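Working notes, structure below.
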Amino acid sequence: MSDSTTNTSDVLALDSLLTADELELREKVRDFTAHRIRPNIARWYEDAVFPRDIAPELGELGVLGMHLEGYGCPGRTAVEYGVAAMELEAGDSGIRTFVSVQGSLAMTAIHKWGSEAQKRQWLPRMAAGELIGCFALTEPTAGSDPSSMTTFARETSDGWVLDGAKRWIGLASIADVMVVWANTEDGIRGFLVAAGTPGVAATPIEPKLSMRASVQCDVTFDDVRLGPDAILPGAMGLRGPFSCLNEARYGIAWGAMGAARDSYEAALDYAGNRLQFGRPLAGYQLTQEKLVNMLVEIQKGTMLALHLGRLKDAGHLQPQQISLGKLNNVREAIKIAREARTILGGNGVTLDYSPLRHASNLESVRTYEGTDEVHTLILGQHITGMGAFRG
């Protein structure tokens with residue numbers, strides 16, 4: 001249980017709302033982040049490298065597809081997934097993004113919409129981190145409006161022919177299997193495309209100012225021949241990809257608070273040790289106001305994420321509630337990371353400190369899985385009853 005008299009990151013004692021299993025998992029992931037991510041992240045970020053060898057380590061940690069049941073998946077609760085996402089993103093958004101793309105997107109698509117044979121073929125090795133998946137939905141001209149996608153799969157006598165292009169596809173260049181969403185004569189369908197399939201090209205997008213310890217790609221499909229068993233039989237229409245996006249959006253609500261907390265703690269530590277005008281920065285009113293404002297939003301955002309997790313575990317979580325969590329927590333996390341950087345002064349623009357790296361990463365998190373504008377419109381439609389996406 002958190003001691004609110006000494007824990008400067010949990011004044012409300014929110015840890016007391018977590019079960020023993022949730023706390024145990026959190027400490028396990030927090031320890032992994034401390035020993036595997038923090039010592040290396042500045043180099044990974046500077047070199048724009050995603051550490052491919054971390055995948056099986058994350059599989060062993062039990063965080064890949066951790067909310068899924070069976071087929072070698074961990075079968076943990078929504079809250080357990082949330083606290084894991086928070087601790088991983090306290091290390092770096094890029095590492096948490098890998099877990100999200102692998103588990104919440106690619107594995108969820110196969111688990112929810114795939115055939116029994118597809119599940120058995122892919123999920124056990126993906127849960128172990130032996131195989132990597134990606135989720136190809138966004139296109140160069142179809143980001144927030146996936147219904148306008150132009151990638152098309154044409155049915156033939158012996159399978160399918162896939163043509164088109166995708167953009168900002170995480171992990172595509174290192175993926176063993178792509179979950180590709182395409183228009184067909186019967187609407188939008190999902191397909192599994194194995195690495196090495198002729199006609200598929202994935203090119204990392206470089207250089208980037210954000211998510212540098214992660215991989216995002218342009219992907220093209222040129223007369224790609226697929227067998228009849230490539231299609232995800234259960235996915236029809238946008239309901240297929242949206243069900244996966246909601247899983248990812250939920251994890252982001254937790255993860256963003258991890259980045260925010262790490263930024264706050266970096267600033268708090270620095271302020272307590274950095275002397276200016278003969279006293280620590282933490283002893284000045286302006287600094288204390290900044291730190292207090294950060295903490296207030298972190299505690300509120302964490303409480304919101306936990307509430308969403310409890311709703312999800314109870315089977316009651318709704319899309320508009322996920323939108324509220326993603327919109328608020330990422331927006332506030334960016335503000336916190338930027339404000340934390342100001343306490344660090346000039347030192348804050350170096351990779352010796354995390355806040356500006358978190359702020360840069362969060363600009364990507366703010367955009368993917370639904371921009372602020374998209375989540376505002378989802379909430380707007382819910383509270384007014386009127387859709388304004390095309391108005």
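By convention in this document, the chains of the structure tokens carry letters A, B, ... by their order, each chain's residues are numbered from 1, and ligands are numbered from 1 in the order they are shown.
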
If you run DSSP on this backbone, which residues of stretch 113-313 of chain A come out as strand (DSSP E or B), and could you give them as a short mmCIF file (atom, residue, chain, number, x, y, z; two decimals) with all heavy atoms, in the first residue's frame?
```cif
data_model
loop_
_atom_site.label_atom_id
_atom_site.label_comp_id
_atom_site.auth_asym_id
_atom_site.auth_seq_id
_atom_site.Cartn_x
_atom_site.Cartn_y
_atom_site.Cartn_z
N GLY A 133 4.36 -8.79 -35.05
CA GLY A 133 3.26 -8.44 -35.93
C GLY A 133 3.12 -6.94 -36.08
O GLY A 133 3.64 -6.16 -35.28
N CYS A 134 2.43 -6.54 -37.14
CA CYS A 134 2.11 -5.12 -37.30
C CYS A 134 0.66 -5.00 -37.76
O CYS A 134 0.00 -6.00 -38.08
CB CYS A 134 3.07 -4.42 -38.26
SG CYS A 134 2.86 -4.85 -40.00
N PHE A 135 0.16 -3.78 -37.80
CA PHE A 135 -1.26 -3.50 -38.04
C PHE A 135 -1.34 -2.39 -39.08
O PHE A 135 -1.08 -1.22 -38.77
CB PHE A 135 -1.89 -3.07 -36.70
CG PHE A 135 -3.38 -2.91 -36.69
CD1 PHE A 135 -4.20 -4.00 -36.41
CD2 PHE A 135 -3.97 -1.67 -36.90
CE1 PHE A 135 -5.58 -3.85 -36.35
CE2 PHE A 135 -5.34 -1.51 -36.84
CZ PHE A 135 -6.15 -2.60 -36.57
N ALA A 136 -1.66 -2.76 -40.30
CA ALA A 136 -1.60 -1.82 -41.42
C ALA A 136 -2.98 -1.29 -41.76
O ALA A 136 -3.74 -1.91 -42.52
CB ALA A 136 -0.96 -2.49 -42.64
N GLU A 139 -3.34 5.09 -44.17
CA GLU A 139 -2.80 5.27 -45.52
C GLU A 139 -2.29 6.70 -45.69
O GLU A 139 -2.59 7.59 -44.87
CB GLU A 139 -3.87 4.97 -46.56
CG GLU A 139 -4.34 3.52 -46.50
CD GLU A 139 -5.24 3.13 -47.66
OE1 GLU A 139 -5.62 4.02 -48.46
OE2 GLU A 139 -5.56 1.92 -47.78
N ALA A 142 -5.41 8.58 -45.92
CA ALA A 142 -6.53 8.10 -45.11
C ALA A 142 -6.03 7.80 -43.71
O ALA A 142 -5.68 6.67 -43.39
CB ALA A 142 -7.16 6.85 -45.74
N PHE A 152 -6.85 -2.11 -51.93
CA PHE A 152 -7.96 -2.95 -52.40
C PHE A 152 -7.50 -4.39 -52.56
O PHE A 152 -6.40 -4.66 -53.04
CB PHE A 152 -8.51 -2.45 -53.74
CG PHE A 152 -9.84 -3.03 -54.11
CD1 PHE A 152 -11.01 -2.48 -53.63
CD2 PHE A 152 -9.91 -4.16 -54.93
CE1 PHE A 152 -12.25 -3.04 -53.96
CE2 PHE A 152 -11.14 -4.72 -55.27
CZ PHE A 152 -12.31 -4.15 -54.78
N ALA A 153 -8.34 -5.31 -52.12
CA ALA A 153 -8.08 -6.74 -52.30
C ALA A 153 -9.14 -7.30 -53.24
O ALA A 153 -10.34 -7.23 -52.96
CB ALA A 153 -8.11 -7.47 -50.96
N ARG A 154 -8.68 -7.85 -54.35
CA ARG A 154 -9.57 -8.43 -55.36
C ARG A 154 -9.57 -9.94 -55.25
O ARG A 154 -8.52 -10.57 -55.26
CB ARG A 154 -9.12 -7.98 -56.76
CG ARG A 154 -9.86 -8.62 -57.91
CD ARG A 154 -9.45 -7.98 -59.23
NE ARG A 154 -8.00 -8.00 -59.42
CZ ARG A 154 -7.35 -9.04 -59.98
NH1 ARG A 154 -8.01 -10.12 -60.36
NH2 ARG A 154 -6.04 -8.98 -60.14
N GLU A 155 -10.77 -10.51 -55.13
CA GLU A 155 -10.87 -11.95 -55.00
C GLU A 155 -10.67 -12.62 -56.35
O GLU A 155 -11.19 -12.14 -57.38
CB GLU A 155 -12.21 -12.35 -54.40
CG GLU A 155 -12.27 -13.81 -53.98
CD GLU A 155 -13.48 -14.14 -53.13
OE1 GLU A 155 -14.41 -13.30 -53.06
OE2 GLU A 155 -13.49 -15.25 -52.54
N THR A 156 -9.91 -13.71 -56.35
CA THR A 156 -9.66 -14.48 -57.57
C THR A 156 -10.10 -15.93 -57.35
O THR A 156 -10.59 -16.28 -56.27
CB THR A 156 -8.17 -14.44 -57.94
OG1 THR A 156 -7.42 -15.13 -56.91
CG2 THR A 156 -7.67 -13.01 -58.06
N GLY A 159 -7.66 -17.22 -54.52
CA GLY A 159 -7.30 -16.39 -53.37
C GLY A 159 -7.61 -14.93 -53.57
O GLY A 159 -8.73 -14.56 -53.95
N TRP A 160 -6.60 -14.09 -53.31
CA TRP A 160 -6.78 -12.64 -53.36
C TRP A 160 -5.56 -11.98 -53.99
O TRP A 160 -4.44 -12.50 -53.91
CB TRP A 160 -6.96 -12.07 -51.95
CG TRP A 160 -8.15 -12.61 -51.23
CD1 TRP A 160 -8.22 -13.77 -50.51
CD2 TRP A 160 -9.45 -12.02 -51.17
NE1 TRP A 160 -9.47 -13.94 -49.99
CE2 TRP A 160 -10.26 -12.88 -50.37
CE3 TRP A 160 -10.01 -10.85 -51.69
CZ2 TRP A 160 -11.58 -12.60 -50.09
CZ3 TRP A 160 -11.34 -10.57 -51.40
CH2 TRP A 160 -12.11 -11.43 -50.62
N VAL A 161 -5.79 -10.81 -54.59
CA VAL A 161 -4.70 -9.96 -55.08
C VAL A 161 -4.82 -8.61 -54.39
O VAL A 161 -5.87 -7.95 -54.46
CB VAL A 161 -4.75 -9.79 -56.61
CG1 VAL A 161 -3.63 -8.85 -57.07
CG2 VAL A 161 -4.64 -11.13 -57.30
N LEU A 162 -3.75 -8.21 -53.72
CA LEU A 162 -3.76 -7.01 -52.88
C LEU A 162 -2.90 -5.92 -53.50
O LEU A 162 -1.75 -6.16 -53.86
CB LEU A 162 -3.23 -7.37 -51.49
CG LEU A 162 -3.14 -6.28 -50.42
CD1 LEU A 162 -4.54 -5.80 -50.03
CD2 LEU A 162 -2.41 -6.82 -49.19
N ASP A 163 -3.47 -4.70 -53.63
CA ASP A 163 -2.73 -3.55 -54.14
C ASP A 163 -3.04 -2.33 -53.28
O ASP A 163 -4.18 -2.15 -52.84
CB ASP A 163 -3.13 -3.25 -55.60
CG ASP A 163 -2.57 -4.26 -56.57
OD1 ASP A 163 -1.37 -4.17 -56.89
OD2 ASP A 163 -3.33 -5.15 -57.01
N GLY A 164 -2.03 -1.48 -53.07
CA GLY A 164 -2.26 -0.25 -52.33
C GLY A 164 -1.04 0.18 -51.54
O GLY A 164 0.07 -0.30 -51.76
N ALA A 165 -1.27 1.11 -50.62
CA ALA A 165 -0.17 1.65 -49.82
C ALA A 165 -0.67 2.02 -48.43
O ALA A 165 -1.81 2.46 -48.26
CB ALA A 165 0.43 2.88 -50.50
N LYS A 166 0.20 1.86 -47.45
CA LYS A 166 -0.07 2.25 -46.07
C LYS A 166 1.07 3.13 -45.58
O LYS A 166 2.18 3.11 -46.12
CB LYS A 166 -0.18 1.01 -45.17
CG LYS A 166 -1.28 0.03 -45.58
CD LYS A 166 -2.67 0.58 -45.34
CE LYS A 166 -3.73 -0.44 -45.67
NZ LYS A 166 -5.11 0.06 -45.39
N ARG A 167 0.80 3.92 -44.54
CA ARG A 167 1.82 4.82 -43.99
C ARG A 167 1.72 4.84 -42.47
O ARG A 167 0.66 4.65 -41.90
CB ARG A 167 1.65 6.23 -44.56
CG ARG A 167 2.74 7.22 -44.08
CD ARG A 167 2.77 8.47 -44.94
NE ARG A 167 3.64 9.51 -44.41
CZ ARG A 167 4.97 9.55 -44.57
NH1 ARG A 167 5.56 8.58 -45.26
NH2 ARG A 167 5.69 10.53 -44.06
N TRP A 168 2.87 5.10 -41.82
CA TRP A 168 2.98 5.14 -40.37
C TRP A 168 2.59 3.81 -39.75
O TRP A 168 1.90 3.76 -38.73
CB TRP A 168 2.14 6.28 -39.77
CG TRP A 168 2.64 7.62 -40.14
CD1 TRP A 168 2.01 8.56 -40.90
CD2 TRP A 168 3.92 8.20 -39.79
NE1 TRP A 168 2.79 9.67 -41.05
CE2 TRP A 168 3.99 9.49 -40.38
CE3 TRP A 168 5.01 7.75 -39.05
CZ2 TRP A 168 5.08 10.32 -40.24
CZ3 TRP A 168 6.11 8.58 -38.92
CH2 TRP A 168 6.13 9.85 -39.50
N ILE A 169 3.08 2.74 -40.35
CA ILE A 169 2.77 1.41 -39.85
C ILE A 169 3.91 0.94 -38.93
O ILE A 169 5.01 0.65 -39.38
CB ILE A 169 2.57 0.41 -41.01
CG1 ILE A 169 1.52 0.96 -41.99
CG2 ILE A 169 2.15 -0.95 -40.46
CD1 ILE A 169 0.20 1.37 -41.35
N GLY A 170 3.61 0.91 -37.63
CA GLY A 170 4.62 0.53 -36.65
C GLY A 170 5.09 -0.91 -36.84
O GLY A 170 4.28 -1.82 -37.02
N VAL A 177 4.51 -10.92 -39.58
CA VAL A 177 3.17 -10.98 -40.16
C VAL A 177 2.53 -9.60 -40.08
O VAL A 177 2.66 -8.90 -39.07
CB VAL A 177 2.29 -12.03 -39.44
CG1 VAL A 177 2.12 -11.70 -37.96
CG2 VAL A 177 0.95 -12.18 -40.12
N MET A 178 1.88 -9.20 -41.17
CA MET A 178 1.14 -7.95 -41.21
C MET A 178 -0.36 -8.23 -41.18
O MET A 178 -0.84 -9.09 -41.92
CB MET A 178 1.45 -7.18 -42.50
CG MET A 178 2.86 -6.72 -42.67
SD MET A 178 3.02 -5.77 -44.22
CE MET A 178 4.76 -5.31 -44.12
N VAL A 179 -1.07 -7.51 -40.33
CA VAL A 179 -2.52 -7.49 -40.40
C VAL A 179 -2.88 -6.29 -41.28
O VAL A 179 -2.68 -5.14 -40.88
CB VAL A 179 -3.16 -7.34 -39.01
CG1 VAL A 179 -4.68 -7.27 -39.12
CG2 VAL A 179 -2.75 -8.49 -38.10
N VAL A 180 -3.35 -6.56 -42.48
CA VAL A 180 -3.60 -5.52 -43.48
C VAL A 180 -5.10 -5.36 -43.68
O VAL A 180 -5.81 -6.34 -43.95
CB VAL A 180 -2.92 -5.87 -44.82
CG1 VAL A 180 -3.16 -4.74 -45.83
CG2 VAL A 180 -1.43 -6.11 -44.63
N TRP A 181 -5.55 -4.12 -43.59
CA TRP A 181 -6.96 -3.82 -43.81
C TRP A 181 -7.11 -3.22 -45.21
O TRP A 181 -6.39 -2.31 -45.59
CB TRP A 181 -7.48 -2.87 -42.74
CG TRP A 181 -7.33 -3.47 -41.37
CD1 TRP A 181 -6.30 -3.27 -40.51
CD2 TRP A 181 -8.21 -4.41 -40.75
NE1 TRP A 181 -6.48 -4.03 -39.37
CE2 TRP A 181 -7.64 -4.74 -39.50
CE3 TRP A 181 -9.41 -4.99 -41.14
CZ2 TRP A 181 -8.25 -5.63 -38.62
CZ3 TRP A 181 -10.02 -5.89 -40.26
CH2 TRP A 181 -9.45 -6.19 -39.01
N ALA A 182 -8.07 -3.79 -45.96
CA ALA A 182 -8.23 -3.38 -47.36
C ALA A 182 -9.71 -3.40 -47.73
O ALA A 182 -10.51 -4.16 -47.17
CB ALA A 182 -7.45 -4.31 -48.28
N ASN A 183 -10.04 -2.57 -48.70
CA ASN A 183 -11.38 -2.60 -49.27
C ASN A 183 -11.52 -3.82 -50.17
O ASN A 183 -10.55 -4.25 -50.81
CB ASN A 183 -11.66 -1.33 -50.07
CG ASN A 183 -12.62 -0.40 -49.35
OD1 ASN A 183 -13.63 -0.86 -48.81
ND2 ASN A 183 -12.32 0.89 -49.34
N THR A 184 -12.70 -4.37 -50.22
CA THR A 184 -13.03 -5.45 -51.14
C THR A 184 -14.41 -5.14 -51.73
O THR A 184 -15.05 -4.14 -51.38
CB THR A 184 -13.09 -6.81 -50.42
OG1 THR A 184 -14.26 -6.85 -49.59
CG2 THR A 184 -11.85 -7.05 -49.56
N GLY A 187 -16.76 -4.75 -48.90
CA GLY A 187 -16.41 -3.84 -47.82
C GLY A 187 -15.03 -4.12 -47.27
O GLY A 187 -14.25 -4.89 -47.82
N ILE A 188 -14.71 -3.48 -46.16
CA ILE A 188 -13.37 -3.58 -45.58
C ILE A 188 -13.19 -4.93 -44.90
O ILE A 188 -14.02 -5.37 -44.10
CB ILE A 188 -13.13 -2.42 -44.60
CG1 ILE A 188 -13.05 -1.09 -45.38
CG2 ILE A 188 -11.85 -2.64 -43.80
CD1 ILE A 188 -13.01 0.14 -44.51
N ARG A 189 -12.08 -5.58 -45.23
CA ARG A 189 -11.74 -6.88 -44.65
C ARG A 189 -10.28 -6.86 -44.18
O ARG A 189 -9.48 -6.04 -44.62
CB ARG A 189 -11.92 -8.02 -45.67
CG ARG A 189 -13.31 -8.12 -46.28
CD ARG A 189 -14.38 -8.45 -45.25
NE ARG A 189 -14.13 -9.70 -44.54
CZ ARG A 189 -14.58 -10.91 -44.96
NH1 ARG A 189 -15.26 -10.99 -46.10
NH2 ARG A 189 -14.34 -11.99 -44.24
N GLY A 190 -9.94 -7.80 -43.30
CA GLY A 190 -8.58 -7.92 -42.81
C GLY A 190 -7.89 -9.13 -43.41
O GLY A 190 -8.51 -10.17 -43.65
N PHE A 191 -6.58 -8.99 -43.64
CA PHE A 191 -5.79 -10.06 -44.25
C PHE A 191 -4.49 -10.23 -43.48
O PHE A 191 -3.92 -9.25 -42.96
CB PHE A 191 -5.47 -9.74 -45.71
CG PHE A 191 -6.68 -9.62 -46.59
CD1 PHE A 191 -7.37 -8.42 -46.70
CD2 PHE A 191 -7.15 -10.72 -47.30
CE1 PHE A 191 -8.50 -8.31 -47.50
CE2 PHE A 191 -8.27 -10.64 -48.11
CZ PHE A 191 -8.95 -9.43 -48.21
N LEU A 192 -3.99 -11.45 -43.43
CA LEU A 192 -2.69 -11.73 -42.84
C LEU A 192 -1.69 -11.93 -43.97
O LEU A 192 -1.87 -12.80 -44.83
CB LEU A 192 -2.75 -12.98 -41.96
CG LEU A 192 -3.69 -12.90 -40.76
CD1 LEU A 192 -3.58 -14.17 -39.92
CD2 LEU A 192 -3.40 -11.67 -39.90
N VAL A 193 -0.64 -11.11 -43.95
CA VAL A 193 0.39 -11.16 -44.99
C VAL A 193 1.72 -11.49 -44.32
O VAL A 193 2.24 -10.70 -43.52
CB VAL A 193 0.49 -9.82 -45.74
CG1 VAL A 193 1.54 -9.89 -46.84
CG2 VAL A 193 -0.88 -9.44 -46.33
N ALA A 194 2.27 -12.65 -44.63
CA ALA A 194 3.51 -13.09 -44.02
C ALA A 194 4.70 -12.34 -44.59
O ALA A 194 4.69 -11.91 -45.76
CB ALA A 194 3.69 -14.59 -44.22
N VAL A 200 5.46 -7.01 -51.53
CA VAL A 200 5.33 -6.19 -50.31
C VAL A 200 6.66 -5.50 -50.03
O VAL A 200 7.71 -6.15 -50.00
CB VAL A 200 4.92 -7.04 -49.10
CG1 VAL A 200 4.77 -6.15 -47.87
CG2 VAL A 200 3.63 -7.80 -49.38
N ALA A 201 6.61 -4.18 -49.82
CA ALA A 201 7.82 -3.43 -49.47
C ALA A 201 7.53 -2.52 -48.29
O ALA A 201 6.55 -1.77 -48.31
CB ALA A 201 8.30 -2.60 -50.66
N ALA A 202 8.36 -2.60 -47.25
CA ALA A 202 8.22 -1.76 -46.06
C ALA A 202 9.48 -0.94 -45.88
O ALA A 202 10.57 -1.49 -45.76
CB ALA A 202 7.97 -2.62 -44.83
N THR A 203 9.33 0.39 -45.86
CA THR A 203 10.46 1.30 -45.78
C THR A 203 10.34 2.18 -44.53
O THR A 203 9.37 2.93 -44.40
CB THR A 203 10.53 2.21 -47.02
OG1 THR A 203 10.54 1.39 -48.19
CG2 THR A 203 11.76 3.08 -46.97
N PRO A 204 11.29 2.08 -43.59
CA PRO A 204 11.22 2.93 -42.39
C PRO A 204 11.17 4.41 -42.74
O PRO A 204 11.87 4.86 -43.66
CB PRO A 204 12.49 2.57 -41.63
CG PRO A 204 12.81 1.18 -42.06
CD PRO A 204 12.41 1.13 -43.52
N GLN A 216 8.48 3.07 -37.61
CA GLN A 216 7.26 3.31 -38.37
C GLN A 216 7.62 3.33 -39.86
O GLN A 216 8.69 3.84 -40.22
CB GLN A 216 6.58 4.62 -37.99
CG GLN A 216 5.90 4.60 -36.62
CD GLN A 216 6.88 4.77 -35.48
OE1 GLN A 216 7.86 5.51 -35.58
NE2 GLN A 216 6.64 4.09 -34.38
N CYS A 217 6.74 2.81 -40.68
CA CYS A 217 7.11 2.57 -42.08
C CYS A 217 6.04 3.01 -43.07
O CYS A 217 4.85 3.07 -42.76
CB CYS A 217 7.35 1.08 -42.30
SG CYS A 217 8.67 0.37 -41.33
N ASP A 218 6.52 3.27 -44.29
CA ASP A 218 5.68 3.27 -45.48
C ASP A 218 5.65 1.84 -46.01
O ASP A 218 6.69 1.17 -46.07
CB ASP A 218 6.25 4.20 -46.55
CG ASP A 218 5.99 5.66 -46.26
OD1 ASP A 218 4.84 5.99 -45.92
OD2 ASP A 218 6.93 6.46 -46.38
N VAL A 219 4.48 1.38 -46.39
CA VAL A 219 4.33 0.01 -46.92
C VAL A 219 3.58 0.07 -48.24
O VAL A 219 2.56 0.77 -48.34
CB VAL A 219 3.58 -0.90 -45.94
CG1 VAL A 219 3.56 -2.34 -46.46
CG2 VAL A 219 4.21 -0.85 -44.55
N THR A 220 4.08 -0.64 -49.23
CA THR A 220 3.38 -0.73 -50.52
C THR A 220 3.06 -2.19 -50.83
O THR A 220 3.81 -3.10 -50.47
CB THR A 220 4.21 -0.13 -51.67
OG1 THR A 220 5.47 -0.81 -51.75
CG2 THR A 220 4.44 1.35 -51.44
N PHE A 221 1.93 -2.38 -51.50
CA PHE A 221 1.49 -3.70 -51.93
C PHE A 221 1.27 -3.64 -53.45
O PHE A 221 0.38 -2.92 -53.92
CB PHE A 221 0.19 -4.10 -51.23
CG PHE A 221 0.28 -4.03 -49.72
CD1 PHE A 221 -0.14 -2.90 -49.04
CD2 PHE A 221 0.79 -5.09 -49.00
CE1 PHE A 221 -0.06 -2.83 -47.66
CE2 PHE A 221 0.89 -5.03 -47.62
CZ PHE A 221 0.46 -3.90 -46.94
N ASP A 222 2.07 -4.37 -54.17
CA ASP A 222 2.03 -4.33 -55.63
C ASP A 222 1.74 -5.73 -56.17
O ASP A 222 2.62 -6.59 -56.21
CB ASP A 222 3.37 -3.82 -56.17
CG ASP A 222 3.37 -3.67 -57.69
OD1 ASP A 222 2.29 -3.75 -58.31
OD2 ASP A 222 4.47 -3.49 -58.24
N ASP A 223 0.48 -5.96 -56.55
CA ASP A 223 0.07 -7.25 -57.11
C ASP A 223 0.46 -8.39 -56.17
O ASP A 223 1.04 -9.39 -56.59
CB ASP A 223 0.70 -7.44 -58.49
CG ASP A 223 0.01 -8.55 -59.30
OD1 ASP A 223 -1.22 -8.68 -59.19
OD2 ASP A 223 0.73 -9.30 -60.00
N VAL A 224 0.10 -8.22 -54.89
CA VAL A 224 0.45 -9.22 -53.87
C VAL A 224 -0.56 -10.36 -53.91
O VAL A 224 -1.76 -10.15 -53.74
CB VAL A 224 0.47 -8.57 -52.47
CG1 VAL A 224 0.74 -9.62 -51.40
CG2 VAL A 224 1.51 -7.47 -52.42
N ARG A 225 -0.08 -11.57 -54.15
CA ARG A 225 -0.92 -12.74 -54.28
C ARG A 225 -1.05 -13.43 -52.92
O ARG A 225 -0.04 -13.79 -52.30
CB ARG A 225 -0.33 -13.72 -55.29
CG ARG A 225 -0.09 -13.10 -56.67
CD ARG A 225 -1.38 -13.02 -57.46
NE ARG A 225 -1.22 -12.21 -58.66
CZ ARG A 225 -2.06 -12.25 -59.70
NH1 ARG A 225 -3.10 -13.08 -59.67
NH2 ARG A 225 -1.88 -11.46 -60.74
N LEU A 226 -2.28 -13.60 -52.47
CA LEU A 226 -2.57 -14.23 -51.19
C LEU A 226 -3.48 -15.43 -51.38
O LEU A 226 -4.35 -15.41 -52.24
CB LEU A 226 -3.23 -13.23 -50.23
CG LEU A 226 -2.49 -11.92 -49.94
CD1 LEU A 226 -3.36 -11.00 -49.09
CD2 LEU A 226 -1.16 -12.21 -49.23
N ILE A 231 -7.42 -14.38 -45.39
CA ILE A 231 -8.42 -13.45 -44.87
C ILE A 231 -8.78 -13.78 -43.42
O ILE A 231 -8.78 -14.94 -43.01
CB ILE A 231 -9.69 -13.47 -45.76
CG1 ILE A 231 -10.57 -12.25 -45.47
CG2 ILE A 231 -10.46 -14.78 -45.59
CD1 ILE A 231 -11.65 -12.02 -46.52
N LEU A 275 21.20 23.93 -7.08
CA LEU A 275 21.26 25.18 -6.32
C LEU A 275 21.27 26.37 -7.26
O LEU A 275 22.02 26.41 -8.23
CB LEU A 275 22.51 25.20 -5.44
CG LEU A 275 22.62 24.12 -4.36
CD1 LEU A 275 23.94 24.26 -3.61
CD2 LEU A 275 21.44 24.18 -3.41
N GLN A 276 20.41 27.34 -6.96
CA GLN A 276 20.41 28.63 -7.65
C GLN A 276 20.19 29.72 -6.61
O GLN A 276 19.29 29.60 -5.76
CB GLN A 276 19.31 28.68 -8.72
CG GLN A 276 19.59 27.81 -9.95
CD GLN A 276 20.77 28.28 -10.76
OE1 GLN A 276 20.78 29.38 -11.31
NE2 GLN A 276 21.81 27.45 -10.82
N ARG A 279 20.19 28.37 -2.90
CA ARG A 279 19.25 27.42 -2.33
C ARG A 279 18.72 26.51 -3.44
O ARG A 279 18.76 26.86 -4.61
CB ARG A 279 18.09 28.13 -1.61
CG ARG A 279 17.26 29.01 -2.52
CD ARG A 279 16.26 29.85 -1.75
NE ARG A 279 15.36 29.06 -0.94
CZ ARG A 279 14.22 29.54 -0.44
NH1 ARG A 279 13.87 30.81 -0.70
NH2 ARG A 279 13.44 28.78 0.29
N PRO A 280 18.17 25.34 -3.08
CA PRO A 280 17.64 24.43 -4.10
C PRO A 280 16.47 25.06 -4.85
O PRO A 280 15.67 25.83 -4.27
CB PRO A 280 17.18 23.22 -3.30
CG PRO A 280 17.94 23.28 -2.02
CD PRO A 280 18.12 24.74 -1.73
#
```

Exercise for review: Give me every alpha helix (DSSP H) residue in stretch 61-105 of chain A, going by DSSP on the backbone, as a PyMOL selection string.
Suggested key: chain A and resi 61+78-91+93-99

Exercise for review: Select, from A:Gly114, A:Leu88, A:Met126, A:Tyr368, the residue with the minimum atom-to-atom distance to A:Pro56, counting only C-alpha atoms.
Suggested key: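 Closest to A:Pro56 of all the choices is A:Met126.
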
**Study point:** Atom pair atom CA of A:Asn361 / atom CA of A:Met211: separation (Å)
**Key:**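 Atom CA of A:Met211 lies at a distance of 5.0 Å from atom CA of A:Asn361.
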
Exercise for review: Please provide the set of residues having any atom within 8 Å of stretch 27-32 of chain A, restricted to only C-alpha atoms, with same-chain residues fewer than 5 positions apart removed, written as a list in words.
Suggested key: Ile37, Leu61, Ala84, Glu87 and Leu88 of chain A

**Study point:** Given only C-alpha atoms as the counted atoms, nearest of A:Asn246, A:Gln285, A:Thr19, A:Asn347 to A:Thr77
**Key:** A:Thr19

**Study point:** Coordinates-based distance that separates atom CA of A:Glu373 from atom CA of A:Met86 (Å, one decimal)
**Key:**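 Computing the Euclidean distance for atom CA of A:Met86 and atom CA of A:Glu373 yields 23.8 Å.
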
Exercise for review: Write out as number ranges by chain each polymer residue whose atoms come within 12 Å of A:Val349, counting only C-alpha atoms; drop sequence neighbours fewer than 6 positions from it.
Suggested key: A: 337-338, 340-343, 355-360

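Taking only C-alpha atoms into account, A:Ala172 lies nearest to A:Ala106 out of the set A:Leu344, A:Val83, A:Ala259, A:Ala106.
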
Check your understanding: Excluding same-chain residues fewer than 2 positions from A:Thr302, what lies within 12 Å of it counting only C-alpha atoms, as a ChimeraX atom specification?
Key -> /A:9-15,17-18,79,82-83,85-86,251-261,295-300,304-309,325-326,328-330,332-333

Check your understanding: Quick one: of A:Glu80, A:Glu46, A:Asp352, A:Asp158, who's nearest to A:Arg310, counting only C-alpha atoms?
Key -> A:Glu80

Review point. For A:Ala175, which of A:Leu209, A:Arg52, A:Asn293, A:Glu247 is the closest residue, counting only C-alpha atoms?
Key: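 Checking each of A:Leu209, A:Arg52, A:Asn293, A:Glu247 against A:Ala175, counting only C-alpha atoms, the winner is A:Arg52.
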